[in-house]
>>> print(open('model.cif').read())   # mmCIF, C-alpha atoms
data_run
#
loop_
_atom_site.label_atom_id
_atom_site.label_comp_id
_atom_site.auth_asym_id
_atom_site.auth_seq_id
_atom_site.Cartn_x
_atom_site.Cartn_y
_atom_site.Cartn_z
CA MET A 1 -110.43 -74.37 -29.18
CA ALA A 2 -107.42 -73.90 -26.87
CA PRO A 3 -105.80 -70.39 -26.68
CA PRO A 4 -102.27 -70.00 -28.19
CA GLN A 5 -99.35 -70.28 -25.78
CA ALA A 6 -97.20 -67.17 -25.07
CA ASN A 7 -93.76 -66.98 -26.61
CA SER A 8 -91.05 -67.52 -23.99
CA GLN A 9 -88.70 -65.04 -25.79
CA GLN A 10 -91.16 -62.18 -25.33
CA SER A 11 -91.65 -60.41 -22.03
CA ALA A 12 -94.95 -60.83 -20.30
CA PHE A 13 -95.00 -57.07 -19.71
CA PRO A 14 -94.04 -54.62 -22.44
CA GLN A 15 -91.19 -52.14 -21.60
CA THR A 16 -92.19 -48.57 -21.01
CA SER A 17 -90.14 -45.54 -22.12
CA SER A 18 -88.75 -44.96 -18.64
CA SER A 19 -87.60 -48.57 -18.31
CA ARG A 20 -85.89 -48.39 -21.69
CA LYS A 21 -84.05 -45.24 -20.58
CA ARG A 22 -82.92 -46.96 -17.40
CA THR A 23 -81.64 -49.91 -19.39
CA LYS A 24 -79.59 -47.68 -21.76
CA ARG A 25 -78.19 -45.76 -18.81
CA ASP A 26 -77.15 -48.95 -17.07
CA GLU A 27 -75.50 -50.24 -20.22
CA LYS A 28 -73.61 -46.94 -20.60
CA ILE A 29 -72.42 -47.14 -17.01
CA GLU A 30 -71.22 -50.68 -17.52
CA ARG A 31 -69.29 -49.71 -20.65
CA SER A 32 -67.73 -46.79 -18.80
CA LYS A 33 -66.67 -49.03 -15.92
CA LYS A 34 -65.20 -51.52 -18.36
CA ARG A 35 -63.17 -48.82 -20.14
CA LYS A 36 -61.96 -47.45 -16.82
CA LEU A 37 -60.85 -50.91 -15.74
CA GLU A 38 -58.96 -51.38 -19.02
CA ARG A 39 -57.22 -48.03 -18.60
CA THR A 40 -56.20 -48.95 -15.05
CA LYS A 41 -54.71 -52.24 -16.21
CA THR A 42 -52.86 -50.54 -19.08
CA THR A 43 -51.52 -47.81 -16.82
CA ALA A 44 -50.26 -50.34 -14.31
CA ALA A 45 -48.54 -52.34 -17.04
CA LEU A 46 -46.87 -49.27 -18.56
CA THR A 47 -45.77 -47.91 -15.18
CA ALA A 48 -44.19 -51.20 -14.22
CA ALA A 49 -42.27 -51.39 -17.53
CA PRO A 50 -42.10 -47.89 -19.11
CA HIS A 51 -39.66 -48.96 -21.80
CA ASN A 52 -41.53 -52.13 -22.73
CA THR A 53 -42.75 -51.98 -26.28
CA ALA A 54 -45.08 -55.00 -25.92
CA THR A 55 -48.84 -54.42 -26.15
CA PRO A 56 -50.57 -54.86 -22.77
CA ASP A 57 -53.62 -56.33 -24.46
CA ASP A 58 -53.44 -59.26 -26.86
CA ASN A 59 -56.43 -57.93 -28.81
CA ALA A 60 -54.91 -54.46 -29.35
CA SER A 61 -55.05 -54.90 -33.11
CA GLU A 62 -58.83 -55.28 -32.86
CA TRP A 63 -59.34 -52.03 -30.90
CA SER A 64 -61.57 -49.39 -32.36
CA LYS A 65 -60.20 -46.03 -33.46
CA SER A 66 -61.64 -44.27 -30.44
CA LYS A 67 -60.01 -46.76 -28.07
CA LYS A 68 -56.66 -46.42 -29.84
CA LYS A 69 -56.92 -42.65 -29.45
CA ARG A 70 -57.62 -42.98 -25.72
CA MET A 71 -54.72 -45.37 -25.26
CA ARG A 72 -52.34 -43.01 -27.07
CA ALA A 73 -53.41 -40.17 -24.81
CA ASN A 74 -52.82 -42.32 -21.71
CA LYS A 75 -49.39 -43.38 -22.93
CA ALA A 76 -48.42 -39.76 -23.64
CA LYS A 77 -49.34 -38.72 -20.09
CA ILE A 78 -47.32 -41.56 -18.61
CA VAL A 79 -44.30 -40.78 -20.79
CA LYS A 80 -44.42 -37.11 -19.81
CA ARG A 81 -44.70 -37.92 -16.11
CA ASN A 82 -41.83 -40.42 -16.18
CA ASP A 83 -39.53 -38.16 -18.17
CA ASN A 84 -40.04 -35.00 -16.12
CA GLY A 85 -37.48 -36.26 -13.60
CA ALA A 86 -34.94 -36.94 -16.32
CA SER A 87 -35.38 -33.42 -17.72
CA ARG A 88 -34.52 -31.90 -14.34
CA GLU A 89 -31.20 -33.74 -14.29
CA HIS A 90 -30.12 -33.56 -17.92
CA GLY A 91 -31.67 -30.27 -19.11
CA GLY A 92 -34.88 -29.47 -20.96
CA GLY A 93 -33.58 -29.69 -24.53
CA GLU A 94 -32.05 -33.18 -24.35
CA ALA A 95 -35.01 -34.54 -22.40
CA ALA A 96 -37.46 -33.11 -24.94
CA VAL A 97 -35.68 -34.83 -27.82
CA ASP A 98 -35.49 -38.06 -25.81
CA VAL A 99 -39.22 -37.89 -25.07
CA ALA A 100 -40.02 -37.42 -28.73
CA THR A 101 -37.87 -40.43 -29.69
CA ARG A 102 -39.23 -42.74 -27.00
CA THR A 103 -42.82 -41.74 -27.69
CA GLN A 104 -42.44 -42.90 -31.26
CA GLN A 105 -40.74 -46.14 -30.17
CA ARG A 106 -43.39 -47.01 -27.56
CA SER A 107 -46.44 -46.74 -29.82
CA PRO A 108 -47.77 -50.26 -30.39
CA MET A 109 -51.04 -48.90 -31.72
CA ALA A 110 -49.43 -46.99 -34.60
CA THR A 111 -50.35 -49.55 -37.25
CA SER A 112 -51.43 -47.13 -39.94
CA LYS A 113 -50.02 -43.98 -41.48
CA ASN A 114 -52.60 -41.83 -39.74
CA ASP A 115 -51.68 -43.27 -36.35
CA GLN A 116 -47.97 -42.71 -36.99
CA ARG A 117 -48.66 -39.12 -37.97
CA ASP A 118 -50.70 -38.54 -34.78
CA ASN A 119 -47.91 -40.04 -32.68
CA SER A 120 -45.22 -37.81 -34.25
CA LEU A 121 -47.34 -34.68 -33.80
CA HIS A 122 -47.98 -35.53 -30.15
CA ALA A 123 -44.28 -36.17 -29.51
CA ASP A 124 -43.41 -32.81 -31.10
CA SER A 125 -45.91 -31.03 -28.87
CA ILE A 126 -44.37 -32.63 -25.78
CA ALA A 127 -40.88 -31.59 -26.91
CA ASN A 128 -41.97 -28.00 -27.58
CA THR A 129 -43.73 -27.74 -24.22
CA MET A 130 -40.74 -29.00 -22.26
CA THR A 131 -38.33 -26.78 -24.20
CA LYS A 132 -40.37 -23.61 -23.62
CA GLN A 133 -40.65 -24.26 -19.85
CA PRO A 134 -37.09 -24.42 -18.45
CA LEU A 135 -36.83 -26.33 -15.20
CA THR A 136 -34.51 -25.75 -12.28
CA THR A 137 -31.65 -28.15 -12.91
CA ALA A 138 -29.12 -29.57 -10.53
CA SER A 139 -26.33 -27.84 -12.46
CA SER A 140 -27.90 -24.39 -12.00
CA THR A 141 -28.26 -25.01 -8.28
CA LEU A 142 -24.64 -26.08 -8.11
CA SER A 143 -23.52 -22.96 -9.98
CA LYS A 144 -25.40 -20.75 -7.50
CA TYR A 145 -23.64 -22.39 -4.57
CA GLN A 146 -20.30 -22.06 -6.35
CA ALA A 147 -20.90 -18.35 -6.94
CA ARG A 148 -21.80 -17.89 -3.28
CA LEU A 149 -18.68 -19.76 -2.23
CA GLN A 150 -16.57 -17.64 -4.58
CA GLY A 151 -18.00 -14.46 -3.04
CA SER A 152 -17.23 -15.67 0.47
CA ARG A 153 -13.70 -16.58 -0.58
CA PHE A 154 -13.19 -13.11 -2.06
CA ARG A 155 -14.37 -11.34 1.10
CA VAL A 156 -11.97 -13.39 3.25
CA LEU A 157 -9.01 -12.63 0.96
CA ASN A 158 -10.02 -8.98 0.73
CA GLU A 159 -10.00 -8.62 4.52
CA GLN A 160 -6.62 -10.32 4.75
CA LEU A 161 -5.04 -8.02 2.16
CA TYR A 162 -6.32 -4.92 3.94
CA THR A 163 -5.09 -6.00 7.38
CA MET A 164 -1.70 -7.65 6.71
CA HIS A 165 1.72 -6.29 5.80
CA SER A 166 2.58 -6.19 2.10
CA LYS A 167 5.65 -8.38 2.68
CA GLN A 168 3.47 -11.08 4.25
CA ALA A 169 0.88 -10.79 1.46
CA TYR A 170 3.56 -11.16 -1.20
CA ALA A 171 4.92 -14.31 0.47
CA GLN A 172 1.46 -15.85 0.81
CA PHE A 173 0.33 -15.15 -2.76
CA SER A 174 3.68 -16.18 -4.25
CA THR A 175 3.35 -19.55 -2.53
CA ASN A 176 -0.23 -20.05 -3.73
CA PRO A 177 -0.92 -18.07 -6.96
CA GLN A 178 -4.46 -19.48 -7.09
CA LEU A 179 -5.37 -17.05 -4.30
CA PHE A 180 -4.65 -14.20 -6.71
CA GLN A 181 -7.02 -15.67 -9.31
CA ASP A 182 -9.75 -16.25 -6.71
CA TYR A 183 -9.44 -12.70 -5.41
CA HIS A 184 -9.65 -11.01 -8.81
CA ALA A 185 -12.53 -13.22 -9.94
CA GLY A 186 -14.53 -12.04 -6.92
CA PHE A 187 -13.33 -8.45 -7.37
CA ALA A 188 -14.54 -8.43 -10.99
CA SER A 189 -18.00 -9.61 -9.92
CA GLN A 190 -18.18 -6.71 -7.42
CA VAL A 191 -17.09 -3.80 -9.61
CA GLU A 192 -19.10 -4.92 -12.64
CA HIS A 193 -22.14 -3.30 -10.98
CA TRP A 194 -20.42 0.11 -10.81
CA PRO A 195 -21.57 2.71 -13.37
CA VAL A 196 -17.98 3.48 -14.43
CA GLN A 197 -14.86 1.38 -14.01
CA PRO A 198 -12.08 3.35 -12.25
CA VAL A 199 -9.33 1.96 -14.51
CA VAL A 200 -11.20 3.43 -17.49
CA VAL A 201 -11.27 6.86 -15.83
CA VAL A 202 -7.51 6.74 -15.19
CA ALA A 203 -6.75 5.62 -18.74
CA ASP A 204 -8.84 8.44 -20.24
CA GLU A 205 -7.07 11.06 -18.11
CA LEU A 206 -3.65 9.75 -19.11
CA LYS A 207 -4.60 9.82 -22.78
CA ARG A 208 -5.65 13.45 -22.42
CA LEU A 209 -2.22 14.21 -20.98
CA VAL A 210 -0.66 13.01 -24.22
CA VAL A 211 -2.70 15.49 -26.24
CA ASP A 212 -1.93 18.29 -23.78
CA VAL A 213 1.80 17.64 -23.84
CA ALA A 214 1.92 17.49 -27.63
CA GLY A 215 -0.35 20.50 -28.15
CA GLY A 216 1.04 22.76 -25.43
CA GLY A 217 -2.24 24.69 -25.22
CA GLU A 218 -4.31 26.01 -22.36
CA THR A 219 -5.04 22.52 -21.00
CA ALA A 220 -1.34 21.75 -21.04
CA SER A 221 -0.59 24.75 -18.84
CA LYS A 222 -3.29 23.57 -16.45
CA ASN A 223 -1.69 20.13 -16.26
CA ASN A 224 1.73 21.73 -15.90
CA SER A 225 0.55 23.16 -12.59
CA ARG A 226 0.09 19.58 -11.43
CA GLY A 227 3.58 18.69 -12.53
CA ALA A 228 5.00 19.82 -15.85
CA PHE A 229 5.84 16.93 -18.17
CA ARG A 230 8.77 17.18 -20.45
CA LYS A 231 7.51 17.72 -23.98
CA GLN A 232 8.77 14.44 -25.34
CA PHE A 233 7.73 10.80 -25.32
CA PRO A 234 7.35 8.21 -23.95
CA ILE A 235 5.44 9.03 -20.75
CA VAL A 236 6.55 6.48 -18.15
CA ILE A 237 3.72 5.03 -16.05
CA ALA A 238 4.14 2.92 -12.88
CA ASP A 239 0.95 1.02 -12.04
CA PHE A 240 1.13 -0.11 -8.40
CA GLY A 241 -1.28 -3.01 -7.79
CA CYS A 242 -2.19 -3.46 -11.45
CA GLY A 243 -4.23 -6.66 -11.07
CA LYS A 244 -4.45 -8.15 -14.54
CA ALA A 245 -2.70 -5.15 -16.15
CA GLU A 246 -5.87 -3.73 -17.70
CA LEU A 247 -4.43 -0.21 -17.62
CA ALA A 248 -1.28 -1.28 -19.48
CA GLN A 249 -3.30 -3.18 -22.09
CA ASP A 250 -5.43 -0.12 -22.75
CA LEU A 251 -2.58 2.42 -22.89
CA LEU A 252 -0.29 0.32 -25.07
CA LYS A 253 -3.00 0.18 -27.75
CA PHE A 254 -3.21 3.96 -27.84
CA LYS A 255 -1.56 5.66 -30.83
CA SER A 256 -0.66 9.33 -30.73
CA SER A 257 -1.54 11.06 -34.00
CA SER A 258 0.45 14.11 -32.96
CA SER A 259 3.71 12.21 -32.56
CA LYS A 260 6.14 12.89 -35.44
CA ASP A 261 8.20 9.78 -34.73
CA ALA A 262 6.51 6.80 -36.40
CA ALA A 263 8.55 4.36 -34.32
CA ALA A 264 7.19 5.95 -31.13
CA ALA A 265 3.54 5.90 -32.15
CA CYS A 266 2.56 4.67 -28.67
CA PRO A 267 3.43 7.48 -26.24
CA PHE A 268 3.37 5.31 -23.10
CA GLN A 269 5.81 3.04 -21.36
CA VAL A 270 4.01 1.14 -18.58
CA HIS A 271 5.53 -0.73 -15.63
CA SER A 272 2.91 -2.92 -13.91
CA PHE A 273 3.45 -4.39 -10.42
CA ASP A 274 1.42 -6.80 -8.32
CA LEU A 275 1.78 -9.80 -6.01
CA VAL A 276 1.47 -12.34 -8.86
CA ALA A 277 2.33 -12.05 -12.55
CA SER A 278 -0.97 -12.70 -14.30
CA SER A 279 0.63 -11.94 -17.69
CA SER A 280 3.94 -10.99 -19.26
CA LEU A 281 3.15 -7.30 -18.63
CA VAL A 282 3.19 -7.74 -14.84
CA THR A 283 6.26 -7.80 -12.59
CA PRO A 284 5.57 -9.70 -9.34
CA CYS A 285 6.94 -7.92 -6.26
CA ASP A 286 6.18 -6.29 -2.94
CA MET A 287 4.88 -2.85 -3.94
CA SER A 288 6.88 -1.19 -1.17
CA LYS A 289 10.08 -2.38 -2.91
CA THR A 290 9.85 -2.23 -6.69
CA PRO A 291 12.82 -2.88 -9.04
CA LEU A 292 12.57 0.61 -10.61
CA ASP A 293 15.44 3.08 -10.53
CA VAL A 294 15.25 6.44 -8.79
CA GLY A 295 13.43 9.29 -10.55
CA ILE A 296 12.35 7.67 -13.83
CA VAL A 297 8.51 7.70 -13.56
CA ASP A 298 6.21 10.45 -14.86
CA VAL A 299 2.95 9.14 -13.37
CA ALA A 300 2.49 6.71 -10.46
CA VAL A 301 -0.97 5.12 -10.28
CA PHE A 302 -2.68 3.53 -7.27
CA CYS A 303 -6.07 2.34 -8.56
CA LEU A 304 -7.93 0.70 -5.65
CA SER A 305 -4.59 -0.77 -4.57
CA LEU A 306 -3.77 0.98 -1.27
CA MET A 307 -4.21 -2.25 0.69
CA GLY A 308 -2.35 -3.38 3.78
CA ASN A 309 -1.30 -1.86 7.09
CA ASN A 310 1.83 -0.18 5.67
CA LEU A 311 0.36 2.35 3.24
CA ALA A 312 3.12 4.85 4.05
CA ASP A 313 5.70 2.46 2.55
CA PHE A 314 3.85 2.52 -0.80
CA ILE A 315 3.78 6.33 -0.88
CA ARG A 316 7.48 6.54 0.02
CA GLU A 317 8.29 4.11 -2.81
CA ALA A 318 6.28 6.24 -5.26
CA HIS A 319 8.21 9.30 -4.08
CA ARG A 320 11.50 7.47 -4.71
CA VAL A 321 10.78 6.44 -8.31
CA LEU A 322 8.92 9.61 -9.32
CA LYS A 323 10.54 12.46 -11.23
CA PRO A 324 10.56 15.93 -9.61
CA SER A 325 7.86 16.98 -12.10
CA GLY A 326 5.89 13.74 -11.83
CA ILE A 327 2.40 13.24 -10.41
CA VAL A 328 0.65 10.54 -8.41
CA LYS A 329 -2.92 9.43 -9.20
CA ILE A 330 -4.81 7.73 -6.39
CA VAL A 331 -8.25 6.19 -6.97
CA GLU A 332 -9.99 4.93 -3.84
CA VAL A 333 -13.46 3.98 -2.63
CA ARG A 334 -15.11 7.00 -1.03
CA SER A 335 -16.43 5.08 1.98
CA ARG A 336 -12.87 4.42 3.18
CA PHE A 337 -12.00 8.09 3.70
CA GLU A 338 -15.24 10.08 3.84
CA THR A 339 -16.15 9.25 7.44
CA THR A 340 -15.63 11.61 10.39
CA GLY A 341 -14.22 11.24 13.87
CA ASP A 342 -12.37 13.41 16.39
CA GLU A 343 -9.09 13.15 18.18
CA SER A 344 -10.63 12.53 21.62
CA GLY A 345 -12.90 9.76 20.43
CA ALA A 346 -16.12 11.57 21.44
CA ALA A 347 -19.19 11.54 19.25
CA PRO A 348 -18.84 14.17 16.51
CA ASP A 349 -22.33 15.54 17.03
CA ALA A 350 -22.90 15.58 20.79
CA ARG A 351 -26.20 17.24 21.69
CA SER A 352 -28.20 17.89 24.87
CA LYS A 353 -31.68 16.59 25.50
CA LYS A 354 -33.15 19.82 24.08
CA GLY A 355 -31.12 19.34 20.93
CA LYS A 356 -28.98 22.49 21.39
CA PRO A 357 -25.25 21.93 21.03
CA GLY A 358 -22.95 23.27 23.73
CA ARG A 359 -25.51 23.18 26.60
CA ASN A 360 -26.38 20.49 29.14
CA HIS A 361 -29.75 19.74 30.69
CA ASN A 362 -29.14 22.43 33.39
CA ASN A 363 -28.74 25.07 30.66
CA GLU A 364 -25.16 25.71 31.81
CA ASN A 365 -22.60 26.78 29.27
CA THR A 366 -20.09 24.08 28.43
CA ALA A 367 -17.12 23.90 26.12
CA PRO A 368 -18.04 23.22 22.48
CA PRO A 369 -17.36 19.68 21.28
CA PRO A 370 -14.09 19.14 19.43
CA LYS A 371 -14.31 19.82 15.71
CA PRO A 372 -14.48 16.56 13.74
CA ILE A 373 -11.54 15.64 11.55
CA SER A 374 -12.39 13.68 8.41
CA GLU A 375 -10.45 10.58 7.45
CA LEU A 376 -9.66 12.22 4.12
CA LYS A 377 -8.10 15.18 5.97
CA ARG A 378 -6.00 12.75 8.01
CA PHE A 379 -4.90 11.08 4.78
CA LEU A 380 -3.93 14.39 3.17
CA ASN A 381 -1.98 15.39 6.29
CA ALA A 382 -0.09 12.09 6.13
CA LEU A 383 0.64 12.61 2.42
CA ASP A 384 2.03 16.06 3.23
CA GLN A 385 4.49 14.52 5.70
CA LEU A 386 5.41 11.94 3.04
CA GLY A 387 6.38 14.63 0.51
CA PHE A 388 3.19 15.22 -1.53
CA GLU A 389 0.56 17.89 -1.83
CA CYS A 390 -2.91 17.60 -3.33
CA VAL A 391 -3.45 19.56 -6.55
CA ASN A 392 -6.80 18.11 -7.58
CA LEU A 393 -9.62 16.11 -5.95
CA ASP A 394 -12.41 14.74 -8.16
CA ARG A 395 -15.55 13.53 -6.34
CA SER A 396 -17.85 13.46 -9.35
CA ASN A 397 -18.27 9.68 -9.14
CA LYS A 398 -20.46 8.36 -6.34
CA MET A 399 -18.38 5.20 -5.87
CA PHE A 400 -14.79 6.49 -5.80
CA PHE A 401 -12.72 9.68 -5.85
CA VAL A 402 -9.61 10.58 -7.89
CA LEU A 403 -6.74 12.35 -6.14
CA ASP A 404 -3.84 14.04 -7.98
CA LEU A 405 -0.61 14.69 -6.05
CA ARG A 406 2.74 16.27 -6.81
CA LYS A 407 5.93 16.59 -4.82
CA ASN A 408 5.96 19.44 -2.29
CA GLY A 409 9.73 19.57 -1.83
CA LYS A 410 9.72 17.83 1.55
CA HIS A 411 11.70 14.71 2.27
CA PRO A 412 9.40 11.81 3.24
CA ASP A 413 9.14 11.09 6.95
CA MET A 414 10.64 7.59 7.23
CA SER A 415 9.13 6.96 10.70
CA LEU A 416 5.55 7.81 9.75
CA GLU A 417 3.05 4.94 9.66
CA PHE A 418 -0.43 5.32 8.26
CA THR A 419 -3.34 3.02 7.45
CA ALA A 420 -7.01 3.35 6.53
CA LYS A 421 -10.05 1.30 7.28
CA PRO A 422 -10.61 -1.67 4.95
CA CYS A 423 -13.12 -1.61 2.14
CA ILE A 424 -15.85 -4.15 2.90
CA TYR A 425 -17.77 -5.18 -0.21
CA LYS A 426 -21.41 -6.19 -0.02
CA ARG A 427 -22.65 -9.72 -0.56
CA ARG A 428 -24.05 -10.14 -4.08
#
>>> encode(input="model.cif", output="structure tokens")
Amino acid sequence: MAPPQANSQQSAFPQTSSSRKRTKRDEKIERSKKRKLERTKTTAALTAAPHNTATPDDNASEWSKSKKKRMRANKAKIVKRNDNGASREHGGGEAAVDVATRTQQRSPMATSKNDQRDNSLHADSIANTMTKQPLTTASSTLSKYQARLQGSRFRVLNEQLYTMHSKQAYAQFSTNPQLFQDYHAGFASQVEHWPVQPVVVVADELKRLVVDVAGGGETASKNNSRGAFRKQFPIVIADFGCGKAELAQDLLKFKSSSSKDAAAACPFQVHSFDLVASSSLVTPCDMSKTPLDVGIVDVAVFCLSLMGNNLADFIREAHRVLKPSGIVKIVEVRSRFETTGDESGAAPDARSKKGKPGRNHNNENTAPPPKPISELKRFLNALDQLGFECVNLDRSNKMFFVLDLRKNGKHPDMSLEFTAKPCIYKRR
């Protein structure tokens, strides 16, 4: 009897466990390669046409749930990468909303309610992520350069005002009022870092004068030594170099509770002068020639406004319009006047090699170096020749000092010229 023939479908050699493992591993590798190839094709199609809503694969409706999930994840990554550039130009918030909208529009696999819900949740997560992480936009970079340009413009104008004659400055700013706006915009950005604003200090002192004049107490007698006010209102203020008339705006809001006249509730009458009229409170003029009459002002204020190479003209004008009992308040940056120098130009602290003043390296006695004269002392000497004496000097603030003057009975020296070094502000 002939033996039965072997079945051609069966292997001649049975598979061992190790061969079966190798076969499963090979099949897994093949499936992985196939999925990777599909992802590459899909990515290329979406990158070439990011706004195309067509499905890259014709059999997308037959994909399994796991494949749909992978494809949604791939699409979300591509959308986020493509829209990052748009968010840098148009801002994070608008781009986040746009990403959420386009993610929902580009979802060809969202065929069921569950898929649509997954898509909306993923779009919301992208929007929240992009909103919480602000990016450096082109507009912010432009604003930084504009601020730097504004600071440079302010420093140039500041140097010009300190080194030119007031008549020339008035002509230049009257021709181009925008220069005035540029200067004060830069000035505001500089003094905003100061602990106390000088115009606030001046306003508070003037308000205290109202109480002293009305009360007539011990503080009033102290202020009378600086220049006795008449015990009646209004107190006439002349603000030289007022800027945007901040002092006038503050004082005109003040109401005196001690005043018996209801019609004169505000005890101040303020005249504000500057190169350009920034408001109806300001009179544009050259501060060395104001339109005020002689002897009508109680208090003349120079708050960071002694600018130019003809400072003596400003002081003479204040002397002209001031009453015999009036006072002058000067607020200036301390660095302008609190430096030292001597008449001969030698170093104020000359020392020998051994560090002993007054002796050379041969131990021979020499004449002592000239005593340094401070810039503030020079300024006070010039004010004395211009008809004023100092009655109070307040250095409590580290940025500026407050100087109170009254008339000393002298007639101003019309030939005297005086100037101070300019105030150079730091770059911020």
>>> atom_distance(input="model.cif", atom1="atom CA of A:Thr43", atom2="atom CA of A:Asp26")
25.7 Å
>>> closest_atom_pairs(input="model.cif", of="stretch 145-220 of chain A", to="stretch 333-337 of chain A", cutoff="12 Å", atoms="all atoms listed in the file", output="tab-separated table")
residue	atom	partner	partner_atom	distance
A:Tyr162	CA	A:Arg336	CA	11.4
A:Val191	CA	A:Val333	CA	11.1
A:Trp194	CA	A:Val333	CA	11.4
A:Gln197	CA	A:Val333	CA	11.8
A:Pro198	CA	A:Val333	CA	9.7
>>> write_last_selection(input="model.cif", atoms="C-alpha atoms", output="compact mmCIF listing (two decimals), in the frame of the given file")
# COMPACT_ATOMS: atom_id res chain seq x y z
CA TYR A 162 -6.32 -4.92 3.94
CA VAL A 191 -17.09 -3.80 -9.61
CA TRP A 194 -20.42 0.11 -10.81
CA GLN A 197 -14.86 1.38 -14.01
CA PRO A 198 -12.08 3.35 -12.25
>>> residues_around(input="model.cif", residues="stretch 397-414 of chain A", least_positions_apart="2", cutoff="6 Å", atoms="all atoms listed in the file", output="MDAnalysis selection string")
chainID A and resid 327:334 385:395 416
>>> atom_distance(input="model.cif", atom1="atom CA of A:Leu206", atom2="atom CA of A:Thr283")
21.2 Å
>>> resolve_selection(input="model.cif", expression="the PyMOL selection byres ((chain A and resi 307) around 8)", output="list in words")
Leu161, Tyr162, Thr163, Ser166, Leu304, Ser305, Leu306, Gly308, Asn309, Leu311 and Pro422 of chain A
>>> residues_near_point(input="model.cif", point="(-13.5, -3.9, -6.4)", cutoff="9 Å", atoms="only C-alpha atoms", output="PyMOL selection string")
chain A and resi 184+186-192+304+333+423+425
>>> closest_residue(input="model.cif", among="A:Leu247, A:Pro234, A:Pro324, A:Leu179", to="A:Val200", atoms="only C-alpha atoms")
A:Leu247
>>> resolve_selection(input="model.cif", expression="the PyMOL selection byres ((chain A and resi 168) around 12)", output="list in words")
Gln160, Leu161, Tyr162, Thr163, Met164, His165, Ser166, Lys167, Ala169, Tyr170, Ala171, Gln172, Phe173, Ser174, Thr175, Leu275, Cys285, Asp286, Met287, Ser288, Gly308, Asn309 and Asn310 of chain A
>>> resolve_selection(input="model.cif", expression="the PyMOL selection byres ((chain A and resi 272) around 8)", output="list in words")
Ala238, Asp239, Phe240, Gly241, Cys242, Ala245, Ala248, Val270, His271, Phe273, Asp274, Leu281, Val282 and Thr283 of chain A
